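**Q** Supplied structure: my_file.pdb, PDB, C-alpha atoms and all ligand atoms.
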```pdb
MODEL        1
ATOM      1  CA  MET A   1      20.680 -32.064 -14.691  1.00  0.00           C
ATOM      2  CA  ARG A   2      17.573 -30.121 -15.822  1.00  0.00           C
ATOM      3  CA  GLY A   3      15.411 -32.273 -13.570  1.00  0.00           C
ATOM      4  CA  LYS A   4      17.714 -31.560 -10.593  1.00  0.00           C
ATOM      5  CA  LEU A   5      17.610 -27.798 -11.303  1.00  0.00           C
ATOM      6  CA  ARG A   6      13.822 -27.879 -11.541  1.00  0.00           C
ATOM      7  CA  ALA A   7      13.612 -29.763  -8.230  1.00  0.00           C
ATOM      8  CA  LEU A   8      15.986 -27.224  -6.633  1.00  0.00           C
ATOM      9  CA  GLY A   9      13.844 -24.324  -7.962  1.00  0.00           C
ATOM     10  CA  ALA A  10      10.677 -25.934  -6.656  1.00  0.00           C
ATOM     11  CA  THR A  11      12.266 -26.510  -3.221  1.00  0.00           C
ATOM     12  CA  THR A  12      13.376 -22.869  -3.066  1.00  0.00           C
ATOM     13  CA  VAL A  13       9.939 -21.588  -4.087  1.00  0.00           C
ATOM     14  CA  PHE A  14       8.219 -23.827  -1.535  1.00  0.00           C
ATOM     15  CA  SER A  15      10.596 -22.940   1.286  1.00  0.00           C
ATOM     16  CA  VAL A  16       9.948 -19.231   0.693  1.00  0.00           C
ATOM     17  CA  MET A  17       6.209 -19.645   0.107  1.00  0.00           C
ATOM     18  CA  GLY A  18       5.943 -21.912   3.139  1.00  0.00           C
ATOM     19  CA  SER A  19       7.550 -19.601   5.688  1.00  0.00           C
ATOM     20  CA  ILE A  20       4.731 -17.784   7.461  1.00  0.00           C
ATOM     21  CA  ASP A  21       7.275 -15.732   9.452  1.00  0.00           C
ATOM     22  CA  LEU A  22       8.755 -14.306   6.251  1.00  0.00           C
ATOM     23  CA  TRP A  23       5.285 -13.402   4.993  1.00  0.00           C
ATOM     24  CA  ILE A  24       4.523 -11.622   8.264  1.00  0.00           C
ATOM     25  CA  LYS A  25       7.843  -9.779   7.909  1.00  0.00           C
ATOM     26  CA  VAL A  26       6.937  -8.756   4.337  1.00  0.00           C
ATOM     27  CA  LEU A  27       3.616  -7.368   5.614  1.00  0.00           C
ATOM     28  CA  HIS A  28       5.413  -5.674   8.523  1.00  0.00           C
ATOM     29  CA  ILE A  29       7.884  -3.883   6.248  1.00  0.00           C
ATOM     30  CA  VAL A  30       5.130  -2.803   3.812  1.00  0.00           C
ATOM     31  CA  ALA A  31       3.034  -1.520   6.757  1.00  0.00           C
ATOM     32  CA  VAL A  32       6.049   0.314   8.235  1.00  0.00           C
ATOM     33  CA  ILE A  33       6.819   1.999   4.877  1.00  0.00           C
ATOM     34  CA  SER A  34       3.175   3.104   4.473  1.00  0.00           C
ATOM     35  CA  TRP A  35       2.934   4.383   8.044  1.00  0.00           C
ATOM     36  CA  MET A  36       6.186   6.315   7.746  1.00  0.00           C
ATOM     37  CA  ALA A  37       5.247   7.775   4.341  1.00  0.00           C
ATOM     38  CA  GLY A  38       2.129   9.265   5.938  1.00  0.00           C
ATOM     39  CA  MET A  39       3.882  10.328   9.137  1.00  0.00           C
ATOM     40  CA  LEU A  40       6.461  12.232   7.057  1.00  0.00           C
ATOM     41  CA  TYR A  41       3.977  13.769   4.613  1.00  0.00           C
ATOM     42  CA  LEU A  42       1.200  14.847   7.036  1.00  0.00           C
ATOM     43  CA  PRO A  43       3.312  17.442   8.915  1.00  0.00           C
ATOM     44  CA  ARG A  44       4.578  18.769   5.533  1.00  0.00           C
ATOM     45  CA  LEU A  45       0.949  19.395   4.571  1.00  0.00           C
ATOM     46  CA  PHE A  46       0.424  21.118   7.955  1.00  0.00           C
ATOM     47  CA  VAL A  47       3.396  23.448   7.220  1.00  0.00           C
ATOM     48  CA  TYR A  48       1.707  24.780   4.063  1.00  0.00           C
ATOM     49  CA  HIS A  49      -1.811  24.596   5.503  1.00  0.00           C
ATOM     50  CA  ALA A  50      -0.821  26.754   8.515  1.00  0.00           C
ATOM     51  CA  ASP A  51       0.210  29.541   6.102  1.00  0.00           C
ATOM     52  CA  ALA A  52      -2.961  29.311   3.996  1.00  0.00           C
ATOM     53  CA  GLU A  53      -5.824  31.708   4.631  1.00  0.00           C
ATOM     54  CA  ARG A  54      -8.689  30.090   6.593  1.00  0.00           C
ATOM     55  CA  LYS A  55     -11.630  28.910   4.433  1.00  0.00           C
ATOM     56  CA  SER A  56      -9.697  29.765   1.221  1.00  0.00           C
ATOM     57  CA  PRO A  57      -9.963  27.213  -1.653  1.00  0.00           C
ATOM     58  CA  ILE A  58      -6.382  26.005  -1.013  1.00  0.00           C
ATOM     59  CA  SER A  59      -7.137  25.516   2.692  1.00  0.00           C
ATOM     60  CA  GLU A  60     -10.231  23.450   1.806  1.00  0.00           C
ATOM     61  CA  GLN A  61      -8.058  21.375  -0.580  1.00  0.00           C
ATOM     62  CA  PHE A  62      -5.521  20.719   2.212  1.00  0.00           C
ATOM     63  CA  LYS A  63      -8.378  19.532   4.468  1.00  0.00           C
ATOM     64  CA  ILE A  64      -9.381  16.901   1.895  1.00  0.00           C
ATOM     65  CA  MET A  65      -5.765  15.774   1.351  1.00  0.00           C
ATOM     66  CA  GLU A  66      -5.108  15.494   5.099  1.00  0.00           C
ATOM     67  CA  ARG A  67      -8.337  13.597   5.825  1.00  0.00           C
ATOM     68  CA  ARG A  68      -7.786  11.111   2.971  1.00  0.00           C
ATOM     69  CA  LEU A  69      -4.138  10.543   3.886  1.00  0.00           C
ATOM     70  CA  LEU A  70      -4.997   9.965   7.554  1.00  0.00           C
ATOM     71  CA  LYS A  71      -8.043   7.716   7.049  1.00  0.00           C
ATOM     72  CA  GLY A  72      -6.887   5.930   3.882  1.00  0.00           C
ATOM     73  CA  ILE A  73      -3.224   5.257   4.662  1.00  0.00           C
ATOM     74  CA  VAL A  74      -1.842   6.383   8.020  1.00  0.00           C
ATOM     75  CA  ASN A  75      -4.499   4.856  10.322  1.00  0.00           C
ATOM     76  CA  PRO A  76      -4.741   1.431   8.601  1.00  0.00           C
ATOM     77  CA  ALA A  77      -0.922   1.244   8.260  1.00  0.00           C
ATOM     78  CA  MET A  78      -0.423   1.943  11.972  1.00  0.00           C
ATOM     79  CA  ILE A  79      -2.904  -0.818  12.873  1.00  0.00           C
ATOM     80  CA  ALA A  80      -1.075  -3.214  10.511  1.00  0.00           C
ATOM     81  CA  VAL A  81       2.282  -2.366  12.153  1.00  0.00           C
ATOM     82  CA  TRP A  82       0.793  -2.994  15.612  1.00  0.00           C
ATOM     83  CA  ILE A  83      -0.529  -6.396  14.456  1.00  0.00           C
ATOM     84  CA  THR A  84       2.491  -7.635  12.482  1.00  0.00           C
ATOM     85  CA  GLY A  85       5.241  -6.281  14.811  1.00  0.00           C
ATOM     86  CA  PRO A  86       4.114  -8.004  18.031  1.00  0.00           C
ATOM     87  CA  LEU A  87       3.213 -11.141  15.996  1.00  0.00           C
ATOM     88  CA  LEU A  88       6.804 -11.305  14.692  1.00  0.00           C
ATOM     89  CA  ALA A  89       8.192 -10.685  18.182  1.00  0.00           C
ATOM     90  CA  TRP A  90       6.039 -13.484  19.616  1.00  0.00           C
ATOM     91  CA  ARG A  91       6.786 -15.998  16.856  1.00  0.00           C
ATOM     92  CA  GLU A  92      10.538 -15.285  16.961  1.00  0.00           C
ATOM     93  CA  ASP A  93      10.611 -15.135  20.773  1.00  0.00           C
ATOM     94  CA  TYR A  94      12.095 -11.629  20.986  1.00  0.00           C
ATOM     95  CA  PHE A  95       9.862 -10.193  23.702  1.00  0.00           C
ATOM     96  CA  LEU A  96      12.529 -10.064  26.436  1.00  0.00           C
ATOM     97  CA  SER A  97      15.276  -8.664  24.184  1.00  0.00           C
ATOM     98  CA  PRO A  98      16.476  -5.201  25.267  1.00  0.00           C
ATOM     99  CA  TRP A  99      16.504  -3.909  21.647  1.00  0.00           C
ATOM    100  CA  LEU A 100      12.827  -4.823  21.271  1.00  0.00           C
ATOM    101  CA  VAL A 101      11.884  -3.115  24.550  1.00  0.00           C
ATOM    102  CA  ALA A 102      13.702   0.035  23.339  1.00  0.00           C
ATOM    103  CA  LYS A 103      12.016  -0.268  19.928  1.00  0.00           C
ATOM    104  CA  LEU A 104       8.594  -0.610  21.573  1.00  0.00           C
ATOM    105  CA  ALA A 105       9.239   2.587  23.565  1.00  0.00           C
ATOM    106  CA  LEU A 106      10.029   4.397  20.275  1.00  0.00           C
ATOM    107  CA  VAL A 107       6.941   2.959  18.583  1.00  0.00           C
ATOM    108  CA  LEU A 108       4.792   4.139  21.513  1.00  0.00           C
ATOM    109  CA  LEU A 109       6.281   7.615  20.995  1.00  0.00           C
ATOM    110  CA  LEU A 110       5.483   7.415  17.260  1.00  0.00           C
ATOM    111  CA  THR A 111       1.934   6.297  18.095  1.00  0.00           C
ATOM    112  CA  GLY A 112       1.553   9.310  20.424  1.00  0.00           C
ATOM    113  CA  LEU A 113       2.740  11.555  17.594  1.00  0.00           C
ATOM    114  CA  HIS A 114       0.223   9.871  15.306  1.00  0.00           C
ATOM    115  CA  GLY A 115      -2.521  10.760  17.830  1.00  0.00           C
ATOM    116  CA  PHE A 116      -1.290  14.369  17.869  1.00  0.00           C
ATOM    117  CA  PHE A 117      -1.286  14.561  14.044  1.00  0.00           C
ATOM    118  CA  SER A 118      -4.770  13.090  14.007  1.00  0.00           C
ATOM    119  CA  ALA A 119      -5.938  15.832  16.424  1.00  0.00           C
ATOM    120  CA  GLN A 120      -4.293  18.442  14.142  1.00  0.00           C
ATOM    121  CA  VAL A 121      -6.202  17.123  11.105  1.00  0.00           C
ATOM    122  CA  ARG A 122      -9.419  17.633  13.150  1.00  0.00           C
ATOM    123  CA  ALA A 123      -8.311  21.117  14.274  1.00  0.00           C
ATOM    124  CA  PHE A 124      -7.536  22.200  10.680  1.00  0.00           C
ATOM    125  CA  ALA A 125     -10.853  20.704   9.473  1.00  0.00           C
ATOM    126  CA  GLU A 126     -12.690  22.896  12.027  1.00  0.00           C
ATOM    127  CA  ASP A 127     -10.508  25.980  11.238  1.00  0.00           C
ATOM    128  CA  ARG A 128      -9.143  26.157  14.775  1.00  0.00           C
ATOM    129  CA  ASN A 129      -5.435  25.335  14.237  1.00  0.00           C
ATOM    130  CA  ALA A 130      -3.369  27.223  16.823  1.00  0.00           C
ATOM    131  CA  HIS A 131       0.193  26.352  15.669  1.00  0.00           C
ATOM    132  CA  SER A 132       2.502  28.169  13.245  1.00  0.00           C
ATOM    133  CA  SER A 133       4.116  26.693  10.123  1.00  0.00           C
ATOM    134  CA  ARG A 134       7.444  26.957  12.008  1.00  0.00           C
ATOM    135  CA  PHE A 135       6.106  24.648  14.712  1.00  0.00           C
ATOM    136  CA  TYR A 136       5.118  22.055  12.090  1.00  0.00           C
ATOM    137  CA  ARG A 137       8.511  22.371  10.386  1.00  0.00           C
ATOM    138  CA  PHE A 138      10.099  21.504  13.735  1.00  0.00           C
ATOM    139  CA  ILE A 139       7.743  18.611  14.642  1.00  0.00           C
ATOM    140  CA  ASN A 140       8.225  17.281  11.091  1.00  0.00           C
ATOM    141  CA  GLU A 141      11.704  16.044  12.124  1.00  0.00           C
ATOM    142  CA  ALA A 142      10.452  13.853  15.003  1.00  0.00           C
ATOM    143  CA  PRO A 143       9.136  10.885  12.926  1.00  0.00           C
ATOM    144  CA  THR A 144      12.419  10.833  10.967  1.00  0.00           C
ATOM    145  CA  VAL A 145      14.529  10.577  14.125  1.00  0.00           C
ATOM    146  CA  ILE A 146      12.268   7.861  15.605  1.00  0.00           C
ATOM    147  CA  MET A 147      12.377   5.879  12.338  1.00  0.00           C
ATOM    148  CA  ILE A 148      16.193   5.981  12.131  1.00  0.00           C
ATOM    149  CA  LEU A 149      16.524   4.768  15.735  1.00  0.00           C
ATOM    150  CA  ALA A 150      13.890   2.007  15.282  1.00  0.00           C
ATOM    151  CA  VAL A 151      15.550   0.651  12.114  1.00  0.00           C
ATOM    152  CA  PHE A 152      18.990   0.804  13.788  1.00  0.00           C
ATOM    153  CA  LEU A 153      17.654  -1.230  16.749  1.00  0.00           C
ATOM    154  CA  VAL A 154      15.964  -3.923  14.670  1.00  0.00           C
ATOM    155  CA  VAL A 155      18.928  -4.415  12.321  1.00  0.00           C
ATOM    156  CA  MET A 156      21.842  -4.127  14.801  1.00  0.00           C
ATOM    157  CA  LYS A 157      19.985  -5.651  17.786  1.00  0.00           C
ATOM    158  CA  PRO A 158      22.434  -4.047  20.274  1.00  0.00           C
TER     159      PRO A 158
HETATM  160  C1  LIG B 201       4.558  -2.576  17.532  1.00  0.00           C
HETATM  161  C2  LIG B 201       5.700  -2.189  17.089  1.00  0.00           C
HETATM  162  C3  LIG B 201       6.751  -3.074  16.474  1.00  0.00           C
HETATM  163  C4  LIG B 201       7.211  -4.300  16.885  1.00  0.00           C
HETATM  164  C5  LIG B 201       6.764  -5.122  18.091  1.00  0.00           C
HETATM  165  C6  LIG B 201       8.221  -4.721  15.936  1.00  0.00           C
HETATM  166  C7  LIG B 201       8.932  -5.909  15.973  1.00  0.00           C
HETATM  167  C8  LIG B 201       9.707  -6.403  14.952  1.00  0.00           C
HETATM  168  C9  LIG B 201      10.323  -7.725  14.909  1.00  0.00           C
HETATM  169  C10 LIG B 201      10.226  -8.778  16.002  1.00  0.00           C
HETATM  170  C11 LIG B 201      10.983  -7.831  13.734  1.00  0.00           C
HETATM  171  C12 LIG B 201      11.765  -9.063  13.213  1.00  0.00           C
HETATM  172  C13 LIG B 201      13.226  -8.882  13.524  1.00  0.00           C
HETATM  173  C14 LIG B 201      14.070 -10.005  12.939  1.00  0.00           C
HETATM  174  O1  LIG B 201      13.519 -11.051  12.559  1.00  0.00           O
HETATM  175  O2  LIG B 201      15.308  -9.841  12.847  1.00  0.00           O
HETATM  176  C15 LIG B 201      10.802  -6.567  13.007  1.00  0.00           C
HETATM  177  C16 LIG B 201      11.347  -6.277  11.772  1.00  0.00           C
HETATM  178  C17 LIG B 201      11.454  -5.011  11.273  1.00  0.00           C
HETATM  179  N1  LIG B 201      10.888  -3.863  11.802  1.00  0.00           N
HETATM  180 FE1  LIG B 201       9.581  -3.808  13.360  1.00  0.00          FE
HETATM  181  N2  LIG B 201       8.368  -3.732  14.990  1.00  0.00           N
HETATM  182  C18 LIG B 201       7.500  -2.704  15.280  1.00  0.00           C
HETATM  183  C19 LIG B 201       7.389  -1.494  14.597  1.00  0.00           C
HETATM  184  C20 LIG B 201       8.315  -1.058  13.649  1.00  0.00           C
HETATM  185  C21 LIG B 201       8.508   0.310  13.219  1.00  0.00           C
HETATM  186  C22 LIG B 201       7.680   1.505  13.685  1.00  0.00           C
HETATM  187  C23 LIG B 201       9.551   0.317  12.309  1.00  0.00           C
HETATM  188  C24 LIG B 201      10.197   1.456  11.565  1.00  0.00           C
HETATM  189  C25 LIG B 201       9.921   2.720  11.731  1.00  0.00           C
HETATM  190  C26 LIG B 201       9.984  -1.051  12.156  1.00  0.00           C
HETATM  191  C27 LIG B 201      10.974  -1.469  11.284  1.00  0.00           C
HETATM  192  C28 LIG B 201      11.285  -2.781  11.053  1.00  0.00           C
HETATM  193  C29 LIG B 201      12.141  -3.259   9.969  1.00  0.00           C
HETATM  194  C30 LIG B 201      12.816  -2.375   8.902  1.00  0.00           C
HETATM  195  C31 LIG B 201      12.242  -4.655  10.104  1.00  0.00           C
HETATM  196  C32 LIG B 201      13.029  -5.633   9.204  1.00  0.00           C
HETATM  197  C33 LIG B 201      14.399  -5.889   9.818  1.00  0.00           C
HETATM  198  C34 LIG B 201      15.090  -7.107   9.242  1.00  0.00           C
HETATM  199  O3  LIG B 201      14.483  -7.985   8.665  1.00  0.00           O
HETATM  200  O4  LIG B 201      16.338  -7.185   9.403  1.00  0.00           O
HETATM  201  N3  LIG B 201       9.227  -1.846  13.008  1.00  0.00           N
HETATM  202  N4  LIG B 201      10.040  -5.720  13.792  1.00  0.00           N
ENDMDL
END
```
Once you've parsed the file, please lay out its structure as structure tokens.

**A**
Amino acid sequence: MRGKLRALGATTVFSVMGSIDLWIKVLHIVAVISWMAGMLYLPRLFVYHADAERKSPISEQFKIMERRLLKGIVNPAMIAVWITGPLLAWREDYFLSPWLVAKLALVLLLTGLHGFFSAQVRAFAEDRNAHSSRFYRFINEAPTVIMILAVFLVVMKP
């Protein structure tokens, strides 16, 4: 009985360890969480930064936080999503599925937003931000809406 249980445990461990697709999915979900964490936090920083006096100590602190978040988390996470997502789609043969086409359109939108946020980090760093905190409060909602739609599409596969 104990021997059978041990064999069953070993089979389970090997079947999980052996599935490359599941490992890619693990990486994909971790990359998605990291990307989204940054895409939700960056515009929040912009909201407070836009109200801070230019060249003040708090403004200089925001510059450091924004640059580190962008370079250390948001950029690498986006690259990881763009590697693992299409890899999953190719390995699981999803490329012609309508839900994936719709999801790709949303991810392109999110990538465009990422480019915009990246330009804002540069603008703040050079003290030439032209937008109000109200604008950033508004744009802050966009990644949330895109994320909800993307997760709905991948889980429901309508
Ligand atoms: C280049 C862009 C992307 C592509 C091509 C892509 C493609 C895929 C594919 C093919 C799967 C596996 C689906 C399955 O096996 O049922 C998957 C899983 C998943 N994706 Fe993406 N994805 C991308 C970006 C994103 C983004 C931006 C999000 C969220 C904001 C996201 C959220 C998820 C989640 C939560 C899962 C796990 C779903 C599950 O296992 O049921 N993906 N993705």

**Q** Within 7 Å of ligand LIG 201 (chain B), which residues of chain A show up? Give each one with its shortest atom-to-atom distance in Å (one decimal) and the two atoms involved, counting only C-alpha atoms and all ligand atoms, rows by chain then rising residue number, as a Markdown table.

**A**
```
| residue | atom | partner | partner_atom | distance |
| --- | --- | --- | --- | --- |
| A:Lys25 | CA | B:LIG201 | C16 | 6.3 |
| A:His28 | CA | B:LIG201 | N1 | 6.6 |
| A:Ile29 | CA | B:LIG201 | C29 | 5.7 |
| A:Val32 | CA | B:LIG201 | C23 | 5.4 |
| A:Met36 | CA | B:LIG201 | C25 | 6.5 |
| A:Val81 | CA | B:LIG201 | C19 | 5.7 |
| A:Trp82 | CA | B:LIG201 | C1 | 4.2 |
| A:Gly85 | CA | B:LIG201 | C4 | 3.5 |
| A:Pro86 | CA | B:LIG201 | C5 | 3.9 |
| A:Leu88 | CA | B:LIG201 | C10 | 4.5 |
| A:Ala89 | CA | B:LIG201 | C10 | 3.5 |
| A:Glu92 | CA | B:LIG201 | C10 | 6.6 |
| A:Tyr94 | CA | B:LIG201 | C10 | 6.0 |
| A:Leu100 | CA | B:LIG201 | C7 | 6.7 |
| A:Lys103 | CA | B:LIG201 | C3 | 6.9 |
| A:Leu104 | CA | B:LIG201 | C2 | 5.6 |
| A:Val107 | CA | B:LIG201 | C22 | 5.2 |
| A:Ile146 | CA | B:LIG201 | C25 | 6.9 |
| A:Met147 | CA | B:LIG201 | C25 | 4.0 |
| A:Ala150 | CA | B:LIG201 | C24 | 5.3 |
| A:Val151 | CA | B:LIG201 | C27 | 5.1 |
| A:Val154 | CA | B:LIG201 | C33 | 5.5 |
| A:Val155 | CA | B:LIG201 | O4 | 4.8 |
```

**Q** Give me the result of the PyMOL selection byres (((chain A and resi 133) around 12) and not hetatm) on this file, residue by residue, as a PyMOL selection string.

**A** chain A and resi 43-52+129-132+134-140

**Q** Report, as lines of an AutoDock Vina configuration file, the centre and edge lengths in Å (one decimal) of the axis-aligned box enclosing every listed atom of stretch 135-140 of chain A, padded by 6 Å on each side.

**A**
```
center_x = 7.6
center_y = 21.0
center_z = 12.5
size_x = 17.0
size_y = 19.4
size_z = 16.3
```

**Q** Evaluating the PyMOL selection byres (((chain A and resi 63) around 10) and not hetatm) on the displayed file yields which residues, as a list in words?

**A**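 Output of the PyMOL selection byres (((chain A and resi 63) around 10) and not hetatm): Leu45, Phe46, His49, Lys55, Pro57, Ile58, Ser59, Glu60, Gln61, Phe62, Ile64, Met65, Glu66, Arg67, Arg68, Leu69, Val121, Arg122, Ala123, Phe124, Ala125, Glu126 and Asp127 of chain A.
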
**Q** Of the candidates A:Ile33, A:Ala119, A:Leu87, A:Ala105, which one gets nearest to A:Ile73 if we count all atoms listed in the file?

**A** A:Ile33

**Q** Calculate how many Å separate atom CA of A:Pro158 from atom CA of A:Val101, rounding to one decimal.

**A**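 Going from atom CA of A:Pro158 over to atom CA of A:Val101, I get 11.4 Å.
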
**Q** Quick one: distance from atom CA of A:Gly72 to atom CA of A:Ala142 in Å, one decimal?

**A**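 For atom CA of A:Gly72 relative to atom CA of A:Ala142, the distance reads 22.1 Å.
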